[in-house]
Structure formats: structure tokens, C-alpha cells
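J.: My questions will all concern the structure given below.
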Amino acid sequence: MISLQTKKFTEKTAGHCDIIDITPRIHDAIKKDHSHYGLITVFVSRSTTPLTTIEHESGLIQDLKEFVERLIPPDHRYHHDDRWATTTVFRASGPALRAVHRDTHRQGKASLGTWQQVILLDFDNRPRTREITLELIGETE
Amino acid sequence: MISLQTKKFTEKTAGHCDIIDITPRIHDAIKKDHSHYGLITVFVSRSTTPLTTIEHESGLIQDLKEFVERLIPPDHRYHHDDRWATTTVFRASGPALRAVHRDTHRQGKASLGTWQQVILLDFDNRPRTREITLELIGETE
Amino acid sequence: MISLQTKKFTEKTAGHCDIIDITPRIHDAIKKDHSHYGLITVFVSRSTTPLTTIEHESGLIQDLKEFVERLIPPDHRYHHDDRWATTTVFRASGPALRAVHRDTHRQGKASLGTWQQVILLDFDNRPRTREITLELIGETE
């Protein structure tokens, strides 16, 4: 039988391109779920907190931060800042949703590669507490 | 019980990096759906019309347009244009799908942040009528 | 009745920004599925193999390769390379998942535009065999 379940957890973020590996929290949240395989959809209802998958390794995290700085420089004058006196919010117009597959043979864990983690980025200009929503679509016996 | 429903609507676009907030159309389309929570998947079967979420505010829309101009300049000579005599189609190789979560407590609306809208971009070089497909996966009583 | 099915296939990749049209493989994999419409989610459990949709045409493929070269130049010194002696892995921190809609009227095929294919990119620095997972959520009679 197909089941649909919602799980939520919160994460404290520092802002200013903070990059957090939320994979352990996702595994913790799905541990009590009874379905064996299916889809895990991760969602954050905020426009400054994109999600993606990457190898969460200090060198690569530094590369990603420098890439964002280069692509959307903080010293550029943005129309959005002129209007709202906020900063670098433009950076976050990326995906706020990520889905991963779950496999029968992975003992309930997400089917991620060994060097592949689900990361949450926060581009806000101050610390925040973010709510992350998981939607689990799975087959239960 | 889990249900799966398809809804469709059309939207007129001007092309040339037209950016349209389709959130009201999505809310209108799901109003008659009887499920209370679940996933809304938004899809456009065209390669020039990516979807994303952003705060739909005039300053930010202008920033996004300038960002696209800077990243993929229209005066650059593209191999695709050489072959097909079209322009700037390369710009649209972004995501043509976006999914949002829906919550029991949101009175049937998508769980978007206050400053977070679902936008459709159209990079075609002339006005078009686009068909947007919603796939609703939800729990009904 | 809603059904959930997993299908898998492998694809040989050359690495170094290899771009492969996997649409025929997807259509082949879903041919034996009995559901008529729904969602097809495509997933690769590797951090160097993003998926997207694009017109798979030689001019555009060349444009995409040159765009990646310009955005993330291979001769730049990356922190990740300093630590792990690998190259250009940073390029692949893109989406490793893509979902497409399937329609009753398309004879079991994915609802893609005529000039829209699902492509797999591989940024690894050597040839690989990649496993692609499809999760089919559909309505069966």
C-alpha cells in the first residue's frame, strides 16, 4: 500500500552563505517510517534557503562559497537592496526543494552516494531557525 | 487514501526573459482538490520555460533579468543560433519542473513563504501561450 | 489505484563533461509499466552527474560545454583539488534529480516537448558506468 507522511525538523543557521549538511537529520527523521522504499522530498518554505546535494567536505564548501561570491558579488548594487535595504537576498533564488530516492537495500537510508550529502544553504543576513519539511511517499506492507 | 490528480492551465508569455508569478493560478487550480496535504508538482513541456521560486518583487525581478543578461549575454555567438537561426534559446536549459509542499494548516494553499512565489520564465524570442501541468499527490479522507 | 515502481538501468559515460540523452532509455524502461499517467522521477546517486532537460542538439551541447568551461574554469585552483588531488569535481554540485510528467494521451511516453530531452552530464575525470534510478508514481486501473 502506498503511504504519504510528513516529517518536520528545525535547523539553526548563521546566514551569510552558511552551508549545513542535513543528511543525518533526514536519516533520523525517516528512521521511524515504516515504508521500505520510495521518494523523500525535502522542502524549505523560505526564499533565502536553497537545497542541493554536494560532497560536504571543507575544501569543496570553500569552493562553493567562493563561486557564489564570484557569481553574485556582495558589493554589486542590487535593485532589491535599493528597495528593501536588505543584502544579497538575490543569491537565494535557487531551488528550495530537493528529492532523493530511497532503496529497500539501504536499510531505510536515502540512496545517496558515499560522497553526496543533502545540504541547506542560508543566504540571509542574520542567524535564523529554519523549518525543514520532508514528504515521504513510500510502499508499506 | 492517496490520490493522484492532474490539473492544467495556460498562461500568455511575452518571451525575451518574461517573468510571471503563477502562484495565484496554482492556488486557483488546487482549490477544488479534495486532498488536504501532499505534493504539488509544476511542469512545463517546453525547453525555453524554466520554473523557480523567488520573491516576485519588481527590484528582484530586474536583478534576475540583469543576472541572466550577464551570465548568458545575448550578443555572444552561440553554436545553436548558427545552426537554427534562433536566439538565446540556450538560456532556458534550466529546470522546467518545480515542486512545492502543501500543508493541512494552510487552508489548501501551497506551503510557500510570504516572500516566495512560483515563477515561470520564458526565454523564447516571441510571445507564446504556455500550458502548465500540475500533478497533485495527496491524502484524501 | 496508485502504484509506486522502481526501474533501473546503467549508462556508460566518458567523463570530462560528457552529455548523454537518456530519454530513449527512460521510454524503454517505462514501456512495461501499467500506469497511464503520473510522475517519473529520475535519480543518480553520484555527486558528479547532474541531470537536466535541454534540446539535445549538437550546437546547443557545444554551447553548454563552453558555458560550463567559462563558469567553472578547469585551470582555476580549487580547494577541493588541493585536498583530494581530483579535478573539476566542483562542477557537479548541481541537481542529481529530475522529474517529468507523464500523460494519458502520450502513449506511455514522458510529456516532454519536441525539442526537450532528459540529459545526464558526467563531470568525473575518467569513464564510468552510472546507475540511473526511475521512481514511477502512477494510476493503474
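Quick note on naming: the chains in the C-alpha cells go A, B, ... in the order shown, residues restart at 1 in each chain, and ligands are numbered from 1 in order of appearance.
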Can you work out which residues from chain A touch chain B at a cut-off of 6 Å (counting only C-alpha atoms) and hand them back as a PyMOL selection string?
T.: chain A and resi 45-47+79-80+93
J.: Go ahead and save the picked residues with N, CA and C atoms, as a CSV table (one decimal), in the first residue's frame.
T.:
```
chain,number,residue,atom,x,y,z
A,45,SER,N,10.2,26.4,3.2
A,45,SER,CA,9.3,27.5,2.7
A,45,SER,C,10.0,28.9,2.9
A,46,ARG,N,11.2,29.1,2.4
A,46,ARG,CA,11.8,30.4,2.5
A,46,ARG,C,12.5,30.7,1.2
A,47,SER,N,12.6,31.9,0.8
A,47,SER,CA,13.2,32.2,-0.4
A,47,SER,C,14.7,32.5,-0.3
A,79,HIS,N,18.9,46.1,-7.3
A,79,HIS,CA,17.7,46.8,-7.2
A,79,HIS,C,16.8,46.4,-6.0
A,80,HIS,N,16.9,45.2,-5.6
A,80,HIS,CA,16.2,44.7,-4.5
A,80,HIS,C,16.6,45.4,-3.2
A,93,SER,N,17.7,32.8,-5.1
A,93,SER,CA,16.6,32.4,-6.0
A,93,SER,C,16.8,31.1,-6.6
```
J.: Name the residues in contact with A:Thr13 at a cut-off of 12 Å, using only C-alpha atoms, excluding same-chain residues fewer than 5 positions from it; report them as a PyMOL selection string.
T.: chain A and resi 18-22+48-49+119-132
J.: Keeping N, CA, C and O atoms for every residue in the selection just given, could you write it to a file as a tab-separated table (two decimals), in the first residue's frame?
T.:
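In the end it all went to result_38.tsv:
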```tsv
chain	number	residue	atom	x	y	z
A	18	ASP	N	25.83	30.36	4.89
A	18	ASP	CA	26.07	29.22	5.79
A	18	ASP	C	25.68	27.94	5.02
A	18	ASP	O	24.68	27.92	4.31
A	19	ILE	N	26.51	26.90	5.12
A	19	ILE	CA	26.25	25.65	4.40
A	19	ILE	C	26.22	24.49	5.39
A	19	ILE	O	27.22	24.20	6.03
A	20	ILE	N	25.07	23.84	5.52
A	20	ILE	CA	24.87	22.82	6.56
A	20	ILE	C	24.49	21.47	5.94
A	20	ILE	O	23.61	21.39	5.10
A	21	ASP	N	25.17	20.42	6.39
A	21	ASP	CA	24.83	19.05	5.95
A	21	ASP	C	23.63	18.57	6.79
A	21	ASP	O	23.76	18.33	7.99
A	22	ILE	N	22.47	18.42	6.14
A	22	ILE	CA	21.28	17.99	6.88
A	22	ILE	C	20.97	16.50	6.69
A	22	ILE	O	19.93	16.00	7.13
A	48	THR	N	15.31	32.38	0.88
A	48	THR	CA	16.76	32.59	1.03
A	48	THR	C	17.52	31.31	1.37
A	48	THR	O	18.69	31.37	1.73
A	49	THR	N	16.85	30.15	1.27
A	49	THR	CA	17.49	28.90	1.71
A	49	THR	C	17.40	27.78	0.69
A	49	THR	O	16.60	26.86	0.84
A	119	ILE	N	22.56	19.30	1.34
A	119	ILE	CA	22.96	20.49	2.09
A	119	ILE	C	21.91	21.60	1.99
A	119	ILE	O	21.20	21.73	0.99
A	120	LEU	N	21.82	22.35	3.08
A	120	LEU	CA	20.97	23.53	3.17
A	120	LEU	C	21.87	24.75	3.16
A	120	LEU	O	22.83	24.82	3.94
A	121	LEU	N	21.60	25.72	2.29
A	121	LEU	CA	22.36	26.97	2.28
A	121	LEU	C	21.47	28.06	2.85
A	121	LEU	O	20.25	28.06	2.61
A	122	ASP	N	22.04	28.98	3.62
A	122	ASP	CA	21.24	30.12	4.08
A	122	ASP	C	21.96	31.41	3.73
A	122	ASP	O	23.06	31.67	4.20
A	123	PHE	N	21.32	32.24	2.87
A	123	PHE	CA	21.92	33.48	2.39
A	123	PHE	C	21.35	34.70	3.12
A	123	PHE	O	21.62	35.84	2.73
A	124	ASP	N	20.58	34.49	4.17
A	124	ASP	CA	20.03	35.62	4.89
A	124	ASP	C	21.17	36.39	5.56
A	124	ASP	O	22.29	35.90	5.68
A	125	ASN	N	20.89	37.64	5.99
A	125	ASN	CA	21.95	38.46	6.58
A	125	ASN	C	21.97	38.43	8.11
A	125	ASN	O	22.57	39.28	8.75
A	126	ARG	N	21.30	37.41	8.69
A	126	ARG	CA	21.37	37.21	10.15
A	126	ARG	C	21.00	35.76	10.51
A	126	ARG	O	20.42	35.05	9.69
A	127	PRO	N	21.35	35.31	11.74
A	127	PRO	CA	21.02	33.94	12.13
A	127	PRO	C	19.51	33.69	12.15
A	127	PRO	O	18.74	34.62	12.42
A	128	ARG	N	19.13	32.46	11.85
A	128	ARG	CA	17.72	32.11	11.74
A	128	ARG	C	17.50	30.67	12.24
A	128	ARG	O	18.45	29.88	12.28
A	129	THR	N	16.25	30.34	12.57
A	129	THR	CA	15.88	28.95	12.79
A	129	THR	C	14.97	28.54	11.64
A	129	THR	O	13.93	29.16	11.43
A	130	ARG	N	15.38	27.55	10.86
A	130	ARG	CA	14.65	27.16	9.65
A	130	ARG	C	13.88	25.85	9.88
A	130	ARG	O	14.43	24.92	10.50
A	131	GLU	N	12.66	25.80	9.37
A	131	GLU	CA	11.90	24.56	9.44
A	131	GLU	C	12.04	23.81	8.12
A	131	GLU	O	11.76	24.37	7.06
A	132	ILE	N	12.47	22.56	8.20
A	132	ILE	CA	12.63	21.71	7.01
A	132	ILE	C	11.50	20.66	7.02
A	132	ILE	O	11.26	20.02	8.03
```
J.: Between atom CA of B:His56 and atom CA of B:Val68, what is the spacing in Å?
T.: 16.1 Å
J.: Using DSSP assignments from the backbone, pull out every residue in stretch 9-44 of chain B that falls under strand (DSSP E) and give it to me as an NGL selection string.
T.: :B and (9-13 or 18-21 or 38-44)
J.: Only all heavy atoms, please: the residues just picked out, written as a CSV table (one decimal), in the first residue's frame.
T.:
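Wrote it out as again-v3.csv, contents follow:
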```csv
chain,number,residue,atom,x,y,z
B,9,PHE,N,-3.5,24.5,-16.8
B,9,PHE,CA,-3.9,25.9,-17.1
B,9,PHE,C,-2.9,26.5,-18.1
B,9,PHE,O,-1.8,26.0,-18.3
B,9,PHE,CB,-4.1,26.8,-15.9
B,9,PHE,CG,-2.9,27.0,-15.1
B,9,PHE,CD1,-2.0,28.1,-15.4
B,9,PHE,CD2,-2.6,26.2,-14.0
B,9,PHE,CE1,-0.9,28.3,-14.6
B,9,PHE,CE2,-1.5,26.5,-13.2
B,9,PHE,CZ,-0.6,27.5,-13.5
B,10,THR,N,-3.4,27.5,-18.8
B,10,THR,CA,-2.4,28.2,-19.8
B,10,THR,C,-2.1,29.6,-19.3
B,10,THR,O,-2.8,30.2,-18.6
B,10,THR,CB,-3.0,28.2,-21.2
B,10,THR,OG1,-4.3,28.9,-21.1
B,10,THR,CG2,-3.2,26.9,-21.8
B,11,GLU,N,-1.0,30.1,-19.8
B,11,GLU,CA,-0.5,31.4,-19.4
B,11,GLU,C,0.1,32.1,-20.7
B,11,GLU,O,0.9,31.4,-21.4
B,11,GLU,CB,0.6,31.2,-18.4
B,11,GLU,CG,1.0,32.5,-17.7
B,11,GLU,CD,0.0,33.0,-16.7
B,11,GLU,OE1,-0.5,32.3,-15.8
B,11,GLU,OE2,-0.3,34.3,-16.8
B,12,LYS,N,-0.3,33.3,-21.0
B,12,LYS,CA,0.3,34.0,-22.1
B,12,LYS,C,1.6,34.6,-21.7
B,12,LYS,O,1.7,35.3,-20.6
B,12,LYS,CB,-0.6,35.1,-22.6
B,12,LYS,CG,-1.8,34.5,-23.5
B,12,LYS,CD,-2.7,35.6,-24.0
B,12,LYS,CE,-3.9,35.1,-24.6
B,12,LYS,NZ,-3.7,34.1,-25.7
B,13,THR,N,2.7,34.4,-22.5
B,13,THR,CA,4.0,35.0,-22.1
B,13,THR,C,4.5,35.9,-23.3
B,13,THR,O,4.2,35.7,-24.4
B,13,THR,CB,5.0,33.8,-21.9
B,13,THR,OG1,5.1,33.1,-23.1
B,13,THR,CG2,4.6,32.9,-20.8
B,18,ASP,N,10.7,37.1,-20.1
B,18,ASP,CA,9.4,37.4,-19.4
B,18,ASP,C,9.4,36.6,-18.1
B,18,ASP,O,9.7,35.4,-18.1
B,18,ASP,CB,8.2,37.1,-20.3
B,18,ASP,CG,6.9,37.7,-19.8
B,18,ASP,OD1,7.0,38.6,-18.9
B,18,ASP,OD2,5.9,37.4,-20.2
B,19,ILE,N,9.0,37.3,-17.0
B,19,ILE,CA,9.0,36.6,-15.7
B,19,ILE,C,7.6,36.8,-15.1
B,19,ILE,O,7.2,37.9,-14.8
B,19,ILE,CB,10.0,37.1,-14.7
B,19,ILE,CG1,11.4,36.9,-15.3
B,19,ILE,CG2,9.9,36.5,-13.3
B,19,ILE,CD1,12.6,37.5,-14.5
B,20,ILE,N,6.8,35.6,-14.9
B,20,ILE,CA,5.4,35.7,-14.5
B,20,ILE,C,5.2,34.9,-13.2
B,20,ILE,O,5.7,33.8,-13.0
B,20,ILE,CB,4.5,35.1,-15.6
B,20,ILE,CG1,4.7,35.9,-16.9
B,20,ILE,CG2,3.1,35.0,-15.1
B,20,ILE,CD1,4.1,35.2,-18.1
B,21,ASP,N,4.5,35.6,-12.2
B,21,ASP,CA,4.1,34.9,-11.0
B,21,ASP,C,2.9,34.0,-11.2
B,21,ASP,O,1.8,34.6,-11.4
B,21,ASP,CB,3.8,36.0,-9.9
B,21,ASP,CG,3.3,35.4,-8.6
B,21,ASP,OD1,3.4,34.2,-8.4
B,21,ASP,OD2,2.9,36.2,-7.7
B,38,GLY,N,0.1,17.2,0.9
B,38,GLY,CA,0.8,16.4,-0.1
B,38,GLY,C,1.8,17.2,-0.9
B,38,GLY,O,2.3,18.3,-0.5
B,39,LEU,N,2.0,16.8,-2.1
B,39,LEU,CA,2.9,17.5,-3.0
B,39,LEU,C,2.2,18.0,-4.3
B,39,LEU,O,1.4,17.4,-4.8
B,39,LEU,CB,4.0,16.5,-3.5
B,39,LEU,CG,5.2,16.2,-2.7
B,39,LEU,CD1,6.1,15.3,-3.4
B,39,LEU,CD2,6.0,17.5,-2.4
B,40,ILE,N,2.6,19.2,-4.7
B,40,ILE,CA,2.2,19.8,-5.9
B,40,ILE,C,3.4,19.9,-6.9
B,40,ILE,O,4.4,20.6,-6.5
B,40,ILE,CB,1.6,21.2,-5.7
B,40,ILE,CG1,0.6,21.2,-4.6
B,40,ILE,CG2,1.1,21.8,-7.0
B,40,ILE,CD1,0.4,22.6,-4.0
B,41,THR,N,3.4,19.2,-8.0
B,41,THR,CA,4.5,19.3,-8.9
B,41,THR,C,4.0,20.1,-10.1
B,41,THR,O,3.0,19.9,-10.7
B,41,THR,CB,4.9,17.8,-9.4
B,41,THR,OG1,5.1,17.0,-8.2
B,41,THR,CG2,6.1,17.9,-10.2
B,42,VAL,N,4.8,21.1,-10.5
B,42,VAL,CA,4.5,22.0,-11.5
B,42,VAL,C,5.5,21.7,-12.7
B,42,VAL,O,6.7,21.5,-12.5
B,42,VAL,CB,4.7,23.5,-11.1
B,42,VAL,CG1,4.1,24.4,-12.1
B,42,VAL,CG2,4.1,23.7,-9.7
B,43,PHE,N,4.9,21.6,-13.9
B,43,PHE,CA,5.7,21.1,-15.1
B,43,PHE,C,5.3,21.9,-16.3
B,43,PHE,O,4.1,22.1,-16.6
B,43,PHE,CB,5.5,19.6,-15.2
B,43,PHE,CG,6.4,19.0,-16.3
B,43,PHE,CD1,7.8,18.9,-16.1
B,43,PHE,CD2,5.9,18.6,-17.5
B,43,PHE,CE1,8.6,18.4,-17.1
B,43,PHE,CE2,6.7,18.0,-18.5
B,43,PHE,CZ,8.0,17.9,-18.3
B,44,VAL,N,6.3,22.3,-17.1
B,44,VAL,CA,6.0,22.9,-18.5
B,44,VAL,C,6.8,22.1,-19.5
B,44,VAL,O,8.1,21.9,-19.4
B,44,VAL,CB,6.5,24.4,-18.5
B,44,VAL,CG1,6.1,25.0,-19.9
B,44,VAL,CG2,5.8,25.1,-17.4
```
J.: In Å to one decimal, how far is atom CA of A:Ile26 from atom CA of A:Lys8?
T.: 9.3 Å
J.: Can you work out the spacing between atom CA of B:Glu135 and atom CA of A:Thr140 in Å, to one decimal?
T.: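 Separating atom CA of B:Glu135 from atom CA of A:Thr140 is a distance of 22.3 Å.
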